[in-house]
Structure formats: structure tokens, C-alpha cells
Amino acid sequence: MKISYNWLKDIIDINSTPNEVSQMLTGCGLEVEHVENYQSIKGGLDGIVIGFVREREKHPNADKLSVCKVDIGTGEDKQIVCGAPNVAAGQKVLVATVGATLYPSKGEPFKISKSKIRGEVSEGMICAEDEIGLGESHDGILILPENYEVGKPASEYFKVYNDFVFEIGLTANRGDAASHLGTARDLRAITKCEVRSVDFEVPSINSSQQPVAVTIEDTKGCKRYTGLSISNIEVKPSPEWMQNRLRAIGISPINNIVDATNYVLHELGQPLHAFDADKIKGNQIIVKKAVAGGKFTTLDKTERTLKGHECMICDSEKPLALAGVFGGLDSGISDTTKNIFLESAYFDAATIRKAAKAHGLSTDASFRYERGTDPNITEIALKRVANLIIEIAGGNISSAIIDIYPTKIENTVIEFSLTKSNQLIGKEIEKERVTQILTALDIEIVADKGDVLTISIPPYRSDVTRPADVTEEILRIYGLNNIEIGNDIKSTISYNETEQKVKLKNNLADYLSANGFNEIATNTLTKSAYYSEDELQNAVKMLNPLSSDLDIMRLNMLPSVLEALQYNNNRKLSNLKFYEFGKTYFKGNKTEAGGINLLENYVEQSHLVLAMTGSTENENWNQNNKQANYYIIKGFVQNILAKSKLTKLELVLTENVNFDYAVAVNYKQKQIAVMGTVNQKLADKFDLNAPVFYADINVDLLVELNKNEKTTIKLVPAFPAVRRDLALLIDDAINYAQLEKIAVKTDSNLIKQVNVFDVYKGDKIESGKKSYALSFMLQDENKTLTEDEIDSVMKKLIKNFEKEVGASLRA
């Protein structure tokens, strides 16, 4: 938001410098991000003077150039080479002296220096209007009137409007400050300077030829509507003073009527709209809800399909404007307009924001309505703009002010404790200063009960509804820098369960990063096209999506991760190891799988996902590349769960549409993770030709289970462990998990570890069979195992393998 220093001084009687004003505004919460020295003619014509061409001769070395002797009032003529065809002796001209910087109407600034042009010295430049920003013409140099005095600065004849413009980073809650008046109110509270009255009287009614009847049908969308008719106006350019004010804050002048409404919007913060009264059918203004599916063409000549929730300004036949957002093409002001109807209304903030977002529009009007305007200023703003229009466009007031206000919006009245306020601030501010700040902010003290004040807050301060909000207002005006830092440090030490979750996540992140994984952060919004119709039944859908690619909250994290893999793969990064801590969302209730019920029937669930594709390491001359595979990602998942104190895991083959090969990881009959090879058809949709290995760990359940597991510390065993190996011939359908389960069941006290170190399938064994080479680590923590004890365990193993899975020893 841009605020003009000169404009501010018209509203508030303040003598502070622009730098001082900037510091005051930043200190009270209106952060000034930049201060610009604005000039209506950029550069202010510095270094440009009035010159007199005494002589003009043809350039000896160039047909289209002239060598001129020019008097610029220094007592010594300057030789200037000029290429303009209309230069001649006896002319008064604009001369840019050596060292001057010129700001042309088009192109980059450039500096004038003494130079040689085709062998002739040139000590300056005779200027055309476009070369110094005075216009667009480049037909020749600008020839001045005879009465212009040689040597005088050009700025004395071509008046340059100078101003300072504050670029304010306005926060969303400060709609009240989105104008020069709003900014002046804050300065009033700080400086105690008076704000000049903004109440205006409307000129008397000369005729009643243009009566317009107003009806509000949509009382939710429009809570107050004021209007006024003016006839016999003349549409033409605005006066220079108004154009300068608007240009300074970045508004391009259009014509005197539109400029007047824009001027008042930025002055008072009240959006206004002018209709061509002759285009209002039936002399009726009807404020009502849009018809869903209806068509409406806005001023930018775009036909828009209405959603049905918009508030529309209509006449007896058609829509005229998208209320509070954008005017219609068929009712706007044109060069032939003679009669106008002015609108000044108070529209519901939520209704305007929804309409603006739905149609992808953001205007100065919607910016203010979305943040909340002042329902009590609509008539004041209407009178102000009517006076301006009569002044700059002529015309007659041809109707009384129409004011439809179905239900008056009352002030917010609350009880405010000075003691509690001082406790929040951390310093006692004297009551007199508090009351002065509140009064300056238009907050009325209705009753004074000593420590407790009953205060009445105007409706334009929609962000001030509680005592804490009032304290914030006092503090920002009093000044945060005026609150001393005390010597005491006061804190409350409390246990928070979320600390365990954060600590666990940090430990796991450190582990994965140390093992070559890169952490990613993907968008929780995604496209519904990634999911089936059945899955979408439980999706959390956006009411006003920014695009079709961001229309739902993600149901699982795989599509987001595949997008990240695709993005990197498209940039020739094919060896990838990613992990992400993220969340998924769905309709339903919290289950054993964990999650948080944010709202009734909506669940948020935390996950840790891993993804690998390509080689596990970058190319290296002294070692072979190892390609990512299922067993590598399985190892990482097992280590992650082990770090979370979960070791007795059950791995079960499962069916999952997203995987070609999927394994569920269960702990105490609860599925804590799923891992495997991503379905290649799905990967192909993301242009991923190499296999992708993926794991999804339920962090909510992981934290819950981790909380119940205790860490135990044991002495290092004093007695040695013994390894024994078996080569088993088993059916092809048998998997390692079954063999491990049998081994542990055989003797869980002595068998400490089981591992498969070789798998063979081939023509040396019969069809439908495979060979597993298993190693077993045996250990007794109380004594050294004897050969008889070891042989006894191995015989039991062989017997159990044969009995339960039909295994036999391979010769």
C-alpha cells in the first residue's frame, strides 16, 4: 500500500520530516518497507537549463548532424552537436548540461558527458520532449517561447510535482489503515496532532430528473447502500493536481469521474463506483445474489460465469457490477456519459473475498472490502466525491442522498482492566496516557470505574474485539521500544508430549541424512486426478481451489514424492534418496492407526516416507555402482523402527494398488509401515523409468508405540557366541520370515540371531525348489555352550524345518 506524504499533510497537521514519519509508522505497526522520492518528471529536470542557439552550421563529417553554438547563461557559448532536423539559430531550447542524468519516457536513464561526435566536440545535448520525460514525441527538439530566460533551470517553467511516498506492508488485520485517513489516525495517536475534519456538505439539489430507486435483497452481502445522482457532467481528463496525487501512489489517471472515485477511495478508504445513469434500466438498483451459471462481462471485457454466491448490483434487466469487486462493461463511464449514479456501500467482507477469489480478481475495492471497511463512512465518502465531481466535471446534484441501512452495525462495547493490561505489557502505563491513546484511536470511554473502563470500539476496527486487542493497540502507539527489558527471567517448565515426537523425528532425520538421504518438503495440496473415485469419497476438498492441480488435501504422500522425483529426474539427477515428514488428511474418525481429529469427522495423520531410485551411491572409479532395491529400503525401515525401540516386527506380503510388490510391517498386530516397489505404470506417469522403492511409516502410531517401550541396558555377555550354518532345500513358496519364525520358536533363549546369507535357484536343484543358506548365532548368557548343547539345538531346528515347511538339508 502506498501513502503520499503531501496528501497526509493535507489531512493531519504534522510537521515531521518524511524520515520521522516513516519511523513513527513502522513503530506503530504500519511497517514502511520503502520511501520513494517521487517526482512527476523523473529526475526533476536537474541539470537541464534554458538555452539560446546563436549559430547552427552543418557538421563537416555527417550530413544529418549540425554543430551549434548555444548560450546557456554561463558567459561562454557551448558547442553542441545536434541530430534534430528542426534545430535552427535563434531558437530557445532545453539544454542538458554535462553531468546531467536524463530519464527518457522510454528506455533507461543516461548521463550526459563531454564527447566527440564524428570529430566535433559536443558539450551537452539539445533535448526533445521524450528524451527528458516531458512527452512521447521524438519528431525534433522542443522549441520554447521567446520569453523564456536563458540560463534559468527548466524546472522553473515546467513545474515538477515532488512528493515522498511510503510503501507500507499492510497486515491483513489492518483494513482500517488502508487509506490516508487511516494512516493519519495512527499518527494522531502518536503525535497528538489534529486530523482535519472529513465531514462534507453536499451541494443543494438543482433538479430531480434522475431519481434511482434502490432495493437490497441480499441483506447478508450488502449491509448498507448509499447513492446519489449527478446530471450534466462533462467527462474529461482530471486536473493536474489530482493526476499528480494519483500517479504518486501508482494509480494511472483515466478520466475525471473515475479518478474522483479512486481519489476518495485512497483518501478515506471507502470504495465507490460510478454508473452511467442512462444505462440503468428502469431507474432501479437492485442488490441481490447472483444466479448460478449466469454470464457477466466485467470492465476488462472478460465474460465470467457466476457461481451463485456473489453479491451483484443489478438494474431491472441485467447485472451492472460484481459488488465490491469489479464493474460491468455495459454500465461504466465513457467519454459520452452525461449523467451518473454514485454508489457508496458497505459489503460483507467474507462475501467479497469469496467472489474475488472465485473469479481470480484483486482490485483496490476488493482489497479493502475483504479486510473490512467502515459502515459509518459511506455517506461521508459519497458527499466528498460528489463535491469533487461538481468541482472538476461540473453538473448538478439531481437527487437526494439515498441511504438504505436495514440493520445498523453497533459499536463493540467491552470492559477493559488497566491492571490486567499493564500485566500483559510488562510495564505500568499511566491512566492519562492510556485514555489519550484510546480517544485518539476513536475508542470512546463510556464509563470510568477506576481500574476498569467501559469502552466503545467503532465498527471499522473489526480486529479489536477483546481486552487483549485493546492492550495491543495501546502498546503499539505507546511504543515497544519504550518498554524496558527487566532483569528477571520468568518461565514455566512443563512437560509436553509433543516434545517426544519432535525428538524422535530429529533423531530419525539425523540418521537418514547421515546415510545419504535428502529431506524434501512437498505441498499438502494436490490434484484429485491422482486418486480413484472410491478414494475421493474420503478426501478433504477445497471450497475455493487456487487451481485444479491443488483442489484437495492429499490422501497419501506417494504422488507428492513422485512429483519431487520427477522434477529432479528431468534435471538429469537420476540417483535419488529422499525422505519427508509430512501429513495426510481424510474424512473420518481417529482409528488405531493414529492421527488427530482436527474437526469432527476430519483426521490429520503424520507420516515418514522414504523413496529411492537409481544407484545408491554416485559413480566412483574404484567401486561398482549398486542399484537401489527392495532389501536396501527394507533395511532402512528396520533400522528406523529399531531406533524407535521396535524390534520384534512381523513382515507380511500385502496387496496395494500403488505397489508391484508390497510388504506390510506389523508390530503387536498393528500395521506401522508399508514398503515395496512402486507400481511401474504409476511411476511411468511421472516419467520415472527406473524402479522406485518406497516406504511409508505411520509416525503417529510410531510415537504411540515408542512411548510404551522401555530402554533396557545389559552387560556385555561374558561367554562367547557360536555360529552354525544350515543349507536348506525348500519349496519356492516359502519365505525367509517363515523360517525365522520357526527358528525363534525352537529356542528363543539360545538363538540370538538368524540371517540368510545365500539364496540359490537353478538347474542343480529340482524345479519348484530353492536353496537358502542360513546362519544362526547361539549364546548362553550364563555359561559357555558345549558341543552337545549346540548339536541338540541344531537337530531341533532341522526337525522343525522339516516338519513345518518340508525343508531338507541340501547335500
# chains A, B, ... in the order shown; residues from 1 in each chain; ligands from 1
$ residues_around --residues "Gln284 in chain A" --least-positions-apart "4" --cutoff "8 Å" --atoms "only C-alpha atoms" --output "PyMOL selection string"
chain A and resi 212-215+280+314-316
$ write_last_selection --atoms "all heavy atoms" --output "PDB file, in the first residue's frame"
ATOM      1  N   VAL A 212     -33.320   7.424  -8.811  1.00  0.00           N
ATOM      2  CA  VAL A 212     -32.995   5.996  -8.903  1.00  0.00           C
ATOM      3  C   VAL A 212     -33.447   5.339  -7.606  1.00  0.00           C
ATOM      4  O   VAL A 212     -33.062   5.764  -6.514  1.00  0.00           O
ATOM      5  CB  VAL A 212     -31.480   5.769  -9.115  1.00  0.00           C
ATOM      6  CG1 VAL A 212     -31.153   4.285  -9.076  1.00  0.00           C
ATOM      7  CG2 VAL A 212     -31.032   6.377 -10.443  1.00  0.00           C
ATOM      8  N   ALA A 213     -34.271   4.305  -7.741  1.00  0.00           N
ATOM      9  CA  ALA A 213     -34.762   3.578  -6.565  1.00  0.00           C
ATOM     10  C   ALA A 213     -33.787   2.456  -6.240  1.00  0.00           C
ATOM     11  O   ALA A 213     -33.293   1.766  -7.133  1.00  0.00           O
ATOM     12  CB  ALA A 213     -36.155   3.004  -6.852  1.00  0.00           C
ATOM     13  N   VAL A 214     -33.482   2.258  -4.949  1.00  0.00           N
ATOM     14  CA  VAL A 214     -32.535   1.229  -4.511  1.00  0.00           C
ATOM     15  C   VAL A 214     -33.255   0.214  -3.634  1.00  0.00           C
ATOM     16  O   VAL A 214     -33.987   0.581  -2.714  1.00  0.00           O
ATOM     17  CB  VAL A 214     -31.354   1.855  -3.739  1.00  0.00           C
ATOM     18  CG1 VAL A 214     -30.428   0.761  -3.208  1.00  0.00           C
ATOM     19  CG2 VAL A 214     -30.581   2.832  -4.625  1.00  0.00           C
ATOM     20  N   THR A 215     -33.029  -1.069  -3.952  1.00  0.00           N
ATOM     21  CA  THR A 215     -33.602  -2.169  -3.159  1.00  0.00           C
ATOM     22  C   THR A 215     -32.485  -3.139  -2.806  1.00  0.00           C
ATOM     23  O   THR A 215     -31.701  -3.541  -3.675  1.00  0.00           O
ATOM     24  CB  THR A 215     -34.686  -2.921  -3.953  1.00  0.00           C
ATOM     25  OG1 THR A 215     -35.673  -1.995  -4.393  1.00  0.00           O
ATOM     26  CG2 THR A 215     -35.329  -4.003  -3.098  1.00  0.00           C
ATOM     27  N   ILE A 280     -28.839   2.585 -16.703  1.00  0.00           N
ATOM     28  CA  ILE A 280     -29.539   1.862 -15.636  1.00  0.00           C
ATOM     29  C   ILE A 280     -31.006   1.705 -16.044  1.00  0.00           C
ATOM     30  O   ILE A 280     -31.776   2.668 -16.015  1.00  0.00           O
ATOM     31  CB  ILE A 280     -29.418   2.611 -14.289  1.00  0.00           C
ATOM     32  CG1 ILE A 280     -27.950   2.763 -13.891  1.00  0.00           C
ATOM     33  CG2 ILE A 280     -30.190   1.873 -13.197  1.00  0.00           C
ATOM     34  CD1 ILE A 280     -27.726   3.600 -12.640  1.00  0.00           C
ATOM     35  N   CYS A 314     -27.602  -4.858  -9.750  1.00  0.00           N
ATOM     36  CA  CYS A 314     -28.375  -5.066 -10.984  1.00  0.00           C
ATOM     37  C   CYS A 314     -29.359  -3.906 -11.196  1.00  0.00           C
ATOM     38  O   CYS A 314     -29.690  -3.172 -10.255  1.00  0.00           O
ATOM     39  CB  CYS A 314     -29.164  -6.380 -10.906  1.00  0.00           C
ATOM     40  SG  CYS A 314     -28.162  -7.835 -10.513  1.00  0.00           S
ATOM     41  N   ASP A 315     -29.783  -3.752 -12.456  1.00  0.00           N
ATOM     42  CA  ASP A 315     -30.929  -2.880 -12.708  1.00  0.00           C
ATOM     43  C   ASP A 315     -32.136  -3.779 -12.931  1.00  0.00           C
ATOM     44  O   ASP A 315     -32.118  -4.948 -12.564  1.00  0.00           O
ATOM     45  CB  ASP A 315     -30.655  -1.920 -13.873  1.00  0.00           C
ATOM     46  CG  ASP A 315     -30.391  -2.637 -15.195  1.00  0.00           C
ATOM     47  OD1 ASP A 315     -30.734  -3.838 -15.313  1.00  0.00           O
ATOM     48  OD2 ASP A 315     -29.844  -1.997 -16.122  1.00  0.00           O
ATOM     49  N   SER A 316     -33.180  -3.271 -13.541  1.00  0.00           N
ATOM     50  CA  SER A 316     -34.402  -4.070 -13.701  1.00  0.00           C
ATOM     51  C   SER A 316     -34.239  -5.186 -14.725  1.00  0.00           C
ATOM     52  O   SER A 316     -35.090  -6.077 -14.797  1.00  0.00           O
ATOM     53  CB  SER A 316     -35.565  -3.163 -14.104  1.00  0.00           C
ATOM     54  OG  SER A 316     -35.275  -2.513 -15.343  1.00  0.00           O
TER      55      SER A 316
END
$ residues_around --residues "Ala274 in chain A" --least-positions-apart "2" --cutoff "9 Å" --atoms "only C-alpha atoms" --output "JSON, numbers by chain"
{"A": [257, 258, 261, 272, 276, 277, 327, 331, 332, 333, 340, 341, 342, 343]}
$ select_by_dssp --residues "range 231-441 of chain A" --states "strand (DSSP E or B)" --output "CSV table (one decimal) with C-alpha atoms, in the first residue's frame"
chain,number,residue,atom,x,y,z
A,231,SER,CA,-26.6,15.1,-14.1
A,272,LEU,CA,-17.0,4.0,-4.6
A,273,HIS,CA,-18.4,3.2,-8.0
A,274,ALA,CA,-19.9,5.5,-10.7
A,275,PHE,CA,-22.5,4.1,-13.1
A,276,ASP,CA,-23.6,5.7,-16.3
A,284,GLN,CA,-33.6,0.8,-10.4
A,285,ILE,CA,-30.7,-0.5,-8.5
A,286,ILE,CA,-31.3,-4.0,-7.0
A,287,VAL,CA,-28.6,-5.6,-4.8
A,288,LYS,CA,-29.1,-9.3,-4.9
A,289,LYS,CA,-27.5,-12.8,-5.1
A,295,LYS,CA,-23.0,-14.7,-17.5
A,296,PHE,CA,-21.5,-11.3,-16.7
A,297,THR,CA,-18.9,-9.2,-18.7
A,298,THR,CA,-16.6,-7.1,-16.5
A,303,GLU,CA,-17.1,-12.8,-19.7
A,304,ARG,CA,-17.4,-14.6,-16.4
A,305,THR,CA,-19.7,-17.4,-15.3
A,311,CYS,CA,-23.4,-10.2,-4.5
A,312,MET,CA,-24.5,-8.4,-7.7
A,313,ILE,CA,-25.6,-4.8,-8.4
A,314,CYS,CA,-28.4,-5.1,-11.0
A,319,PRO,CA,-26.3,-7.2,-13.7
A,320,LEU,CA,-24.3,-3.9,-13.6
A,321,ALA,CA,-21.4,-4.8,-11.3
A,322,LEU,CA,-19.8,-7.6,-9.3
A,326,PHE,CA,-15.4,-5.1,-10.4
A,327,GLY,CA,-17.8,-3.0,-12.5
A,328,GLY,CA,-19.6,-4.2,-15.6
A,340,ILE,CA,-24.1,9.4,-13.3
A,341,PHE,CA,-25.2,7.5,-10.3
A,342,LEU,CA,-22.7,7.2,-7.5
A,343,GLU,CA,-22.6,4.2,-5.2
A,344,SER,CA,-21.0,4.1,-1.7
A,345,ALA,CA,-21.8,0.8,0.1
A,346,TYR,CA,-20.8,-1.4,2.9
A,347,PHE,CA,-20.4,-5.0,1.7
A,396,ASN,CA,-25.9,19.3,-10.9
A,397,ILE,CA,-27.0,17.2,-7.9
A,402,ILE,CA,-30.3,7.5,-0.8
A,403,ASP,CA,-29.3,5.6,2.3
A,404,ILE,CA,-30.6,2.1,2.8
A,412,THR,CA,-18.4,-3.2,20.2
A,413,VAL,CA,-18.6,-2.4,24.0
A,414,ILE,CA,-16.3,-4.2,26.4
A,415,GLU,CA,-14.9,-4.0,29.9
A,416,PHE,CA,-11.2,-3.1,30.0
A,417,SER,CA,-9.0,-3.6,33.1
$ atom_distance --atom1 "CA of Ala62 in chain A" --atom2 "CA of Leu134 in chain A"
28.5 Å
$ residues_around --residues "Lys2 in chain A" --least-positions-apart "5" --cutoff "6 Å" --atoms "only C-alpha atoms" --output "CSV table (one decimal) with N, CA and C atoms, in the first residue's frame"
chain,number,residue,atom,x,y,z
A,166,PHE,N,5.4,6.5,0.9
A,166,PHE,CA,5.7,5.4,1.8
A,166,PHE,C,5.1,4.2,1.3
A,167,GLU,N,5.9,3.1,1.1
A,167,GLU,CA,5.4,1.8,0.8
A,167,GLU,C,5.2,1.0,2.1
A,249,ILE,N,1.0,7.6,-6.0
A,249,ILE,CA,0.7,6.3,-5.3
A,249,ILE,C,0.5,5.2,-6.3
$ residues_around --residues "range 693-698 of chain A" --least-positions-apart "3" --cutoff "9 Å" --atoms "only C-alpha atoms" --output "PyMOL selection string"
chain A and resi 557-558+593-594+605-613+628-630+633-634+637+659+671-678+701-703
$ write_last_selection --atoms "C-alpha atoms" --output "PDB file, in the first residue's frame"
ATOM      1  CA  MET A 557       2.178 -38.835   0.227  1.00  0.00           C
ATOM      2  CA  LEU A 558       3.255 -41.026  -2.702  1.00  0.00           C
ATOM      3  CA  ALA A 593      -3.677 -46.170  13.024  1.00  0.00           C
ATOM      4  CA  GLY A 594      -3.447 -42.883  14.912  1.00  0.00           C
ATOM      5  CA  GLN A 605      -2.156 -38.176  10.155  1.00  0.00           C
ATOM      6  CA  SER A 606       1.650 -37.826  10.341  1.00  0.00           C
ATOM      7  CA  HIS A 607       3.973 -39.929   8.173  1.00  0.00           C
ATOM      8  CA  LEU A 608       7.636 -40.521   7.431  1.00  0.00           C
ATOM      9  CA  VAL A 609       8.185 -41.622   3.846  1.00  0.00           C
ATOM     10  CA  LEU A 610      11.350 -42.845   2.110  1.00  0.00           C
ATOM     11  CA  ALA A 611      11.973 -43.120  -1.630  1.00  0.00           C
ATOM     12  CA  MET A 612      14.930 -44.468  -3.594  1.00  0.00           C
ATOM     13  CA  THR A 613      15.663 -44.818  -7.298  1.00  0.00           C
ATOM     14  CA  ALA A 628      18.622 -49.371  -5.197  1.00  0.00           C
ATOM     15  CA  ASN A 629      16.471 -52.390  -4.378  1.00  0.00           C
ATOM     16  CA  TYR A 630      13.772 -53.517  -2.021  1.00  0.00           C
ATOM     17  CA  ILE A 633      14.942 -49.733   1.750  1.00  0.00           C
ATOM     18  CA  LYS A 634      13.738 -52.600   3.958  1.00  0.00           C
ATOM     19  CA  VAL A 637      12.895 -49.170   7.655  1.00  0.00           C
ATOM     20  CA  PHE A 659       2.921 -51.224  -5.439  1.00  0.00           C
ATOM     21  CA  GLN A 671       0.462 -52.084  10.795  1.00  0.00           C
ATOM     22  CA  ILE A 672       3.125 -49.471  11.356  1.00  0.00           C
ATOM     23  CA  ALA A 673       4.567 -49.279   7.828  1.00  0.00           C
ATOM     24  CA  VAL A 674       4.247 -50.457   4.258  1.00  0.00           C
ATOM     25  CA  MET A 675       7.164 -50.740   1.839  1.00  0.00           C
ATOM     26  CA  GLY A 676       7.966 -52.143  -1.546  1.00  0.00           C
ATOM     27  CA  THR A 677       8.410 -51.460  -5.247  1.00  0.00           C
ATOM     28  CA  VAL A 678       6.169 -48.731  -6.666  1.00  0.00           C
ATOM     29  CA  LEU A 701       1.490 -44.828  15.680  1.00  0.00           C
ATOM     30  CA  LEU A 702       5.289 -44.976  15.905  1.00  0.00           C
ATOM     31  CA  VAL A 703       5.300 -42.298  18.632  1.00  0.00           C
TER      32      VAL A 703
END
$ closest_atom_pairs --of "range 144-243 of chain A" --to "range 358-367 of chain A" --cutoff "12 Å" --atoms "only C-alpha atoms" --output "CSV"
residue,atom,partner,partner_atom,distance
A:Leu170,CA,A:Phe367,CA,10.9
A:Thr171,CA,A:Phe367,CA,11.6
A:Ala172,CA,A:Phe367,CA,9.5
A:Asn173,CA,A:Phe367,CA,11.7
A:Arg174,CA,A:Phe367,CA,11.2
A:Gly175,CA,A:Phe367,CA,8.4
A:Asp176,CA,A:Phe367,CA,11.5
A:Ala177,CA,A:Phe367,CA,11.9
A:Ala178,CA,A:Phe367,CA,8.9
A:Ser179,CA,A:Asp364,CA,10.8
$ write_last_selection --atoms "C-alpha atoms" --output "CSV table (one decimal), in the first residue's frame"
chain,number,residue,atom,x,y,z
A,170,LEU,CA,-0.1,-3.6,5.5
A,171,THR,CA,-1.1,-6.7,7.5
A,172,ALA,CA,-4.4,-8.4,6.8
A,173,ASN,CA,-6.0,-7.3,10.1
A,174,ARG,CA,-5.4,-3.5,9.5
A,175,GLY,CA,-8.0,-2.8,6.9
A,176,ASP,CA,-8.8,0.4,8.8
A,177,ALA,CA,-5.3,1.8,7.9
A,178,ALA,CA,-5.7,1.2,4.1
A,179,SER,CA,-6.1,4.9,3.4
$ residues_around --residues "range 145-156 of chain A" --least-positions-apart "4" --cutoff "12 Å" --atoms "only C-alpha atoms" --output "MDAnalysis selection string"
chainID A and resid 39:54 70:77 90:97 127 132 134 160:162
$ atom_distance --atom1 "CA of Thr373 in chain A" --atom2 "CA of Ile352 in chain A"
11.6 Å
$ residues_around --residues "Lys9 in chain A" --least-positions-apart "5" --cutoff "12 Å" --atoms "only C-alpha atoms" --output "NGL selection string"
:A and (3-4 or 14-18 or 21 or 163-164 or 180-181 or 183-184 or 187-188 or 193-196 or 267)
$ write_last_selection --atoms "C-alpha atoms" --output "PDB file, in the first residue's frame"
ATOM      1  CA  ILE A   3       0.782   6.596   1.126  1.00  0.00           C
ATOM      2  CA  SER A   4       1.678  10.127  -0.060  1.00  0.00           C
ATOM      3  CA  ILE A  14       2.018  17.409  11.129  1.00  0.00           C
ATOM      4  CA  ASN A  15       5.439  18.992  10.572  1.00  0.00           C
ATOM      5  CA  SER A  16       7.619  15.894  10.934  1.00  0.00           C
ATOM      6  CA  THR A  17      10.036  15.023   8.133  1.00  0.00           C
ATOM      7  CA  PRO A  18       9.341  12.045   5.838  1.00  0.00           C
ATOM      8  CA  VAL A  21       7.013   9.872   9.754  1.00  0.00           C
ATOM      9  CA  ASP A 163       6.461  14.112  -3.036  1.00  0.00           C
ATOM     10  CA  PHE A 164       7.621  11.311  -0.743  1.00  0.00           C
ATOM     11  CA  HIS A 180      -4.538   8.242   4.072  1.00  0.00           C
ATOM     12  CA  LEU A 181      -7.178   8.932   6.724  1.00  0.00           C
ATOM     13  CA  THR A 183      -2.753   6.253   8.467  1.00  0.00           C
ATOM     14  CA  ALA A 184      -3.363   9.795   9.766  1.00  0.00           C
ATOM     15  CA  LEU A 187      -0.133   9.426  13.526  1.00  0.00           C
ATOM     16  CA  ARG A 188      -2.662  11.447  15.526  1.00  0.00           C
ATOM     17  CA  CYS A 193      -1.669  16.361  16.146  1.00  0.00           C
ATOM     18  CA  GLU A 194      -5.192  17.081  14.976  1.00  0.00           C
ATOM     19  CA  VAL A 195      -6.799  15.347  11.989  1.00  0.00           C
ATOM     20  CA  ARG A 196      -8.732  17.817   9.887  1.00  0.00           C
ATOM     21  CA  GLU A 267      -8.151   9.267   0.863  1.00  0.00           C
TER      22      GLU A 267
END
$ atom_distance --atom1 "CA of Gly768 in chain A" --atom2 "CA of Ala807 in chain A"
12.8 Å
$ select_by_dssp --residues "range 277-436 of chain A" --states "helix (DSSP H, G or I)" --output "VMD selection string"
chain A and resid 277 to 279 281 to 283 329 to 331 349 to 358 364 to 371 378 to 393 418 to 425 431 to 436
